[in-house]
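S.K.: This is the structure I want to talk about, given as structure tokens.
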Amino acid sequence: YMQTAAEYRALCYQTFNFGKMQLDNYLKRMNMSKKYAIVVDIDETVLDNSPHAAQSLLDATNYPVGWSEWINKADAKPIPGAVEFLNYADKKGVDVYYISNRKEELREPTIVNLREVGFPNVTDETVMLRTTTSGKEPRREVVAQTHDIIMLFGDNLTDFLPVFEKKNIEDRFALVDDYEKEFGAKFFMLPNPSYGDWEGAIYNFDYCLSDEEKMKMKAEHLHGFEN
């Protein structure tokens, strides 16, 4: 889908185009007590790792096989619209922070990749990778000490708030309904049909299950209809 559907590109452009409109609205009406910041995830939010997913399908392997090798190539292309939007924000004086659960050992190729495709404000301070925990809230809190975070972009609900972490399917739906008004205002979601907590919730976040067990649980969550 990500590699062949023009609809996927359209959704990405739609997200960043609307983000630009909302950013302009923020800058018009808000009084600045701190510097403004936009926080973005990296994978499937600003960088496209579908070649790794495609190779995994071709080789019948699963993450993390081949992941480090792919990242070290520093060859991921930008998500459509991401470079243009973040450079627009940067020119408006908004600081960009890249909060990702890539491991710290992948810092150098991550920074190289982000810079080479044209993303702004890519430094050791603004690229905040995973160290002791996958939860992103502590890193967002560091940014919030010096900035007002006005927008967050991600492909997973945990890119926005810790309340979404490790929730089952029903709770995830309910929480999204609770935060309905934040989507398109402060939270901006990119489509990711390849992986994410949406899939982990099907397995109750037990990634040690066999492929057969995972497929069985996926089938059990399919809702068809009776003739």
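By order in the structure tokens, chains are A, B, ...; within a chain, residues start at 1; ligands start at 1, following the order shown.
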Run DSSP on the backbone and tell me which residues of region 4-225 of chain A come out as strand (DSSP E); list them as a ChimeraX atom specification.
M.R.: /A:35-40,47-48,77-78,95-103,127-130,147-154,187-189
S.K.: For Thr45 (chain A), find every residue with an atom within 6 Å (counting only C-alpha atoms), except residues of its own chain fewer than 3 positions away, and show them as a ChimeraX atom specification.
M.R.: /A:41-42,154-155
S.K.: Would you write out those residues with C-alpha atoms, as a CSV table (one decimal), in the first residue's frame?
M.R.:
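result_6.csv, freshly written:
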```
chain,number,residue,atom,x,y,z
A,41,ASP,CA,8.2,10.8,15.3
A,42,ILE,CA,10.7,9.6,12.6
A,154,GLY,CA,3.1,10.5,14.5
A,155,ASP,CA,1.9,7.2,13.1
```
S.K.: What does the structure give for the distance between CA of Lys186 (chain A) and CA of Met151 (chain A), in Å to one decimal?
M.R.: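 That distance, rounded to one decimal, is 4.6 Å.
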S.K.: So that I can check the surroundings of region 16-19 of chain A, please list as a PDB file with all heavy atoms, in the first residue's frame every protein, DNA and RNA residue that reaches within 7 Å of it, counting only C-alpha atoms and ignoring chain neighbours fewer than 6 positions away.
M.R.:
```
ATOM      1  N   GLY A  81       5.478  15.336   1.738  1.00  0.00           N
ATOM      2  CA  GLY A  81       5.023  16.548   2.403  1.00  0.00           C
ATOM      3  C   GLY A  81       5.767  16.904   3.669  1.00  0.00           C
ATOM      4  O   GLY A  81       5.661  18.042   4.159  1.00  0.00           O
ATOM      5  N   ALA A  82       6.534  15.962   4.229  1.00  0.00           N
ATOM      6  CA  ALA A  82       7.156  16.181   5.537  1.00  0.00           C
ATOM      7  C   ALA A  82       8.278  17.216   5.477  1.00  0.00           C
ATOM      8  O   ALA A  82       8.358  18.112   6.333  1.00  0.00           O
ATOM      9  CB  ALA A  82       7.684  14.863   6.102  1.00  0.00           C
ATOM     10  N   PHE A  85       6.845  20.772   4.952  1.00  0.00           N
ATOM     11  CA  PHE A  85       6.147  21.306   6.126  1.00  0.00           C
ATOM     12  C   PHE A  85       7.123  21.700   7.230  1.00  0.00           C
ATOM     13  O   PHE A  85       7.012  22.790   7.816  1.00  0.00           O
ATOM     14  CB  PHE A  85       5.155  20.287   6.669  1.00  0.00           C
ATOM     15  CG  PHE A  85       4.597  20.676   8.004  1.00  0.00           C
ATOM     16  CD1 PHE A  85       3.669  21.706   8.110  1.00  0.00           C
ATOM     17  CD2 PHE A  85       5.025  20.054   9.166  1.00  0.00           C
ATOM     18  CE1 PHE A  85       3.170  22.102   9.350  1.00  0.00           C
ATOM     19  CE2 PHE A  85       4.531  20.432  10.406  1.00  0.00           C
ATOM     20  CZ  PHE A  85       3.602  21.464  10.495  1.00  0.00           C
TER      21      PHE A  85
END
```
S.K.: Mind checking which residues fall within 12 Å of Leu129 (chain A), counting only C-alpha atoms, ignoring those fewer than 4 positions away in the same chain, and posting them as a PDB file with N, CA, C and O atoms, in the first residue's frame?
M.R.:
```
ATOM      1  N   VAL A  40       7.963  15.542  16.179  1.00  0.00           N
ATOM      2  CA  VAL A  40       7.607  14.518  15.200  1.00  0.00           C
ATOM      3  C   VAL A  40       8.291  13.203  15.550  1.00  0.00           C
ATOM      4  O   VAL A  40       9.408  13.177  16.060  1.00  0.00           O
ATOM      5  N   ASP A  41       7.589  12.121  15.296  1.00  0.00           N
ATOM      6  CA  ASP A  41       8.200  10.800  15.270  1.00  0.00           C
ATOM      7  C   ASP A  41       9.055  10.739  13.997  1.00  0.00           C
ATOM      8  O   ASP A  41       8.961  11.624  13.133  1.00  0.00           O
ATOM      9  N   ILE A  42       9.863   9.705  13.857  1.00  0.00           N
ATOM     10  CA  ILE A  42      10.681   9.575  12.646  1.00  0.00           C
ATOM     11  C   ILE A  42      10.114   8.528  11.699  1.00  0.00           C
ATOM     12  O   ILE A  42       9.713   8.830  10.577  1.00  0.00           O
ATOM     13  N   ASP A  43      10.061   7.282  12.141  1.00  0.00           N
ATOM     14  CA  ASP A  43       9.731   6.181  11.239  1.00  0.00           C
ATOM     15  C   ASP A  43       8.255   6.174  10.865  1.00  0.00           C
ATOM     16  O   ASP A  43       7.373   6.156  11.728  1.00  0.00           O
ATOM     17  N   TYR A  97      11.619  18.993  16.872  1.00  0.00           N
ATOM     18  CA  TYR A  97      12.268  17.926  17.631  1.00  0.00           C
ATOM     19  C   TYR A  97      11.830  16.576  17.075  1.00  0.00           C
ATOM     20  O   TYR A  97      10.651  16.378  16.786  1.00  0.00           O
ATOM     21  N   TYR A  98      12.792  15.674  16.949  1.00  0.00           N
ATOM     22  CA  TYR A  98      12.559  14.354  16.373  1.00  0.00           C
ATOM     23  C   TYR A  98      12.669  13.320  17.501  1.00  0.00           C
ATOM     24  O   TYR A  98      13.773  12.995  17.945  1.00  0.00           O
ATOM     25  N   ILE A  99      11.533  12.834  17.984  1.00  0.00           N
ATOM     26  CA  ILE A  99      11.521  11.876  19.100  1.00  0.00           C
ATOM     27  C   ILE A  99      11.155  10.506  18.546  1.00  0.00           C
ATOM     28  O   ILE A  99      10.025  10.271  18.101  1.00  0.00           O
ATOM     29  N   SER A 100      12.114   9.592  18.599  1.00  0.00           N
ATOM     30  CA  SER A 100      11.966   8.290  17.946  1.00  0.00           C
ATOM     31  C   SER A 100      12.386   7.171  18.879  1.00  0.00           C
ATOM     32  O   SER A 100      13.240   7.355  19.759  1.00  0.00           O
ATOM     33  N   ASN A 101      11.818   5.989  18.662  1.00  0.00           N
ATOM     34  CA  ASN A 101      12.248   4.817  19.414  1.00  0.00           C
ATOM     35  C   ASN A 101      13.310   4.003  18.676  1.00  0.00           C
ATOM     36  O   ASN A 101      13.548   2.840  19.009  1.00  0.00           O
ATOM     37  N   ARG A 102      13.938   4.629  17.711  1.00  0.00           N
ATOM     38  CA  ARG A 102      15.170   4.010  17.209  1.00  0.00           C
ATOM     39  C   ARG A 102      16.175   3.953  18.359  1.00  0.00           C
ATOM     40  O   ARG A 102      16.217   4.843  19.204  1.00  0.00           O
ATOM     41  N   LYS A 103      16.992   2.913  18.365  1.00  0.00           N
ATOM     42  CA  LYS A 103      17.963   2.765  19.445  1.00  0.00           C
ATOM     43  C   LYS A 103      19.095   3.775  19.298  1.00  0.00           C
ATOM     44  O   LYS A 103      19.445   4.196  18.193  1.00  0.00           O
ATOM     45  N   GLU A 104      19.660   4.148  20.432  1.00  0.00           N
ATOM     46  CA  GLU A 104      20.719   5.159  20.477  1.00  0.00           C
ATOM     47  C   GLU A 104      21.894   4.785  19.579  1.00  0.00           C
ATOM     48  O   GLU A 104      22.535   5.666  18.993  1.00  0.00           O
ATOM     49  N   GLU A 105      22.164   3.502  19.433  1.00  0.00           N
ATOM     50  CA  GLU A 105      23.293   3.066  18.606  1.00  0.00           C
ATOM     51  C   GLU A 105      23.099   3.411  17.124  1.00  0.00           C
ATOM     52  O   GLU A 105      24.045   3.358  16.343  1.00  0.00           O
ATOM     53  N   LEU A 106      21.870   3.768  16.744  1.00  0.00           N
ATOM     54  CA  LEU A 106      21.580   4.128  15.358  1.00  0.00           C
ATOM     55  C   LEU A 106      21.535   5.641  15.153  1.00  0.00           C
ATOM     56  O   LEU A 106      21.043   6.117  14.129  1.00  0.00           O
ATOM     57  N   ARG A 107      22.061   6.388  16.098  1.00  0.00           N
ATOM     58  CA  ARG A 107      21.999   7.849  16.042  1.00  0.00           C
ATOM     59  C   ARG A 107      22.693   8.412  14.796  1.00  0.00           C
ATOM     60  O   ARG A 107      22.128   9.258  14.084  1.00  0.00           O
ATOM     61  N   GLU A 108      23.925   8.000  14.541  1.00  0.00           N
ATOM     62  CA  GLU A 108      24.689   8.611  13.450  1.00  0.00           C
ATOM     63  C   GLU A 108      23.999   8.451  12.095  1.00  0.00           C
ATOM     64  O   GLU A 108      23.794   9.451  11.380  1.00  0.00           O
ATOM     65  N   THR A 110      20.932   7.879  11.509  1.00  0.00           N
ATOM     66  CA  THR A 110      19.643   8.571  11.551  1.00  0.00           C
ATOM     67  C   THR A 110      19.822  10.052  11.256  1.00  0.00           C
ATOM     68  O   THR A 110      19.091  10.636  10.443  1.00  0.00           O
ATOM     69  N   ILE A 111      20.806  10.667  11.894  1.00  0.00           N
ATOM     70  CA  ILE A 111      21.070  12.090  11.662  1.00  0.00           C
ATOM     71  C   ILE A 111      21.513  12.326  10.219  1.00  0.00           C
ATOM     72  O   ILE A 111      21.056  13.278   9.566  1.00  0.00           O
ATOM     73  N   THR A 123      20.034  17.982  14.982  1.00  0.00           N
ATOM     74  CA  THR A 123      21.234  18.031  15.814  1.00  0.00           C
ATOM     75  C   THR A 123      21.171  16.912  16.847  1.00  0.00           C
ATOM     76  O   THR A 123      20.137  16.241  17.004  1.00  0.00           O
ATOM     77  N   ASP A 124      22.252  16.727  17.579  1.00  0.00           N
ATOM     78  CA  ASP A 124      22.251  15.734  18.650  1.00  0.00           C
ATOM     79  C   ASP A 124      21.234  16.090  19.730  1.00  0.00           C
ATOM     80  O   ASP A 124      20.733  15.201  20.433  1.00  0.00           O
ATOM     81  N   GLU A 125      20.935  17.372  19.881  1.00  0.00           N
ATOM     82  CA  GLU A 125      19.970  17.789  20.906  1.00  0.00           C
ATOM     83  C   GLU A 125      18.533  17.593  20.442  1.00  0.00           C
ATOM     84  O   GLU A 125      17.654  17.262  21.243  1.00  0.00           O
ATOM     85  N   THR A 133      13.862   3.575  28.016  1.00  0.00           N
ATOM     86  CA  THR A 133      12.459   3.222  27.925  1.00  0.00           C
ATOM     87  C   THR A 133      11.903   3.615  26.564  1.00  0.00           C
ATOM     88  O   THR A 133      12.363   4.575  25.947  1.00  0.00           O
ATOM     89  N   SER A 134      10.906   2.845  26.104  1.00  0.00           N
ATOM     90  CA  SER A 134      10.281   3.171  24.827  1.00  0.00           C
ATOM     91  C   SER A 134       9.233   4.266  24.982  1.00  0.00           C
ATOM     92  O   SER A 134       8.820   4.876  23.992  1.00  0.00           O
ATOM     93  N   GLY A 135       8.790   4.527  26.212  1.00  0.00           N
ATOM     94  CA  GLY A 135       7.829   5.599  26.442  1.00  0.00           C
ATOM     95  C   GLY A 135       8.427   6.948  26.065  1.00  0.00           C
ATOM     96  O   GLY A 135       9.549   7.272  26.459  1.00  0.00           O
ATOM     97  N   LYS A 136       7.691   7.755  25.329  1.00  0.00           N
ATOM     98  CA  LYS A 136       8.229   9.014  24.816  1.00  0.00           C
ATOM     99  C   LYS A 136       7.923  10.214  25.704  1.00  0.00           C
ATOM    100  O   LYS A 136       8.481  11.294  25.491  1.00  0.00           O
ATOM    101  N   PRO A 138       8.792  11.116  28.802  1.00  0.00           N
ATOM    102  CA  PRO A 138       9.929  11.793  29.439  1.00  0.00           C
ATOM    103  C   PRO A 138      10.706  12.684  28.473  1.00  0.00           C
ATOM    104  O   PRO A 138      11.175  13.763  28.862  1.00  0.00           O
ATOM    105  N   ARG A 139      10.831  12.271  27.233  1.00  0.00           N
ATOM    106  CA  ARG A 139      11.540  13.097  26.254  1.00  0.00           C
ATOM    107  C   ARG A 139      10.705  14.313  25.844  1.00  0.00           C
ATOM    108  O   ARG A 139      11.244  15.408  25.652  1.00  0.00           O
ATOM    109  N   ARG A 140       9.402  14.112  25.734  1.00  0.00           N
ATOM    110  CA  ARG A 140       8.549  15.276  25.448  1.00  0.00           C
ATOM    111  C   ARG A 140       8.600  16.276  26.598  1.00  0.00           C
ATOM    112  O   ARG A 140       8.562  17.496  26.378  1.00  0.00           O
TER     113      ARG A 140
END
```
S.K.: CA of Lys77 (chain A) and CA of Leu47 (chain A), how far apart in Å?
M.R.: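 Separation of CA of Leu47 (chain A) and CA of Lys77 (chain A): 5.8 Å.
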S.K.: Return the single residue from A:Glu220, A:Asp177, A:Glu116, A:Glu170 that is closest to Ala201 (chain A), with distances computed using only C-alpha atoms.
M.R.: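 Under the stated criterion, the closest residue is A:Glu170.
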S.K.: Where does DSSP see helix (DSSP H, G or I) in region 10-227 of chain A, if you list the residues as a ChimeraX atom specification?
M.R.: /A:10-29,50-59,67-73,82-91,104-116,137-144,157-159,162-164,169-178,180-182,197-202,211-220
S.K.: Find the residues near Met2 (chain A): any atom within 12 Å, counting only C-alpha atoms, skip ones fewer than 5 places away on the same chain, and give them as a VMD selection string.
M.R.: chain A and resid 7 to 12 44 48 to 54 79 to 80 190 to 195
S.K.: Report as a PyMOL selection string all protein, DNA and RNA residues lying within 10 Å of Asn204 (chain A), evaluated on only C-alpha atoms, omitting residues in the same chain fewer than 5 positions from it.
M.R.: chain A and resi 166-169+197+199+217
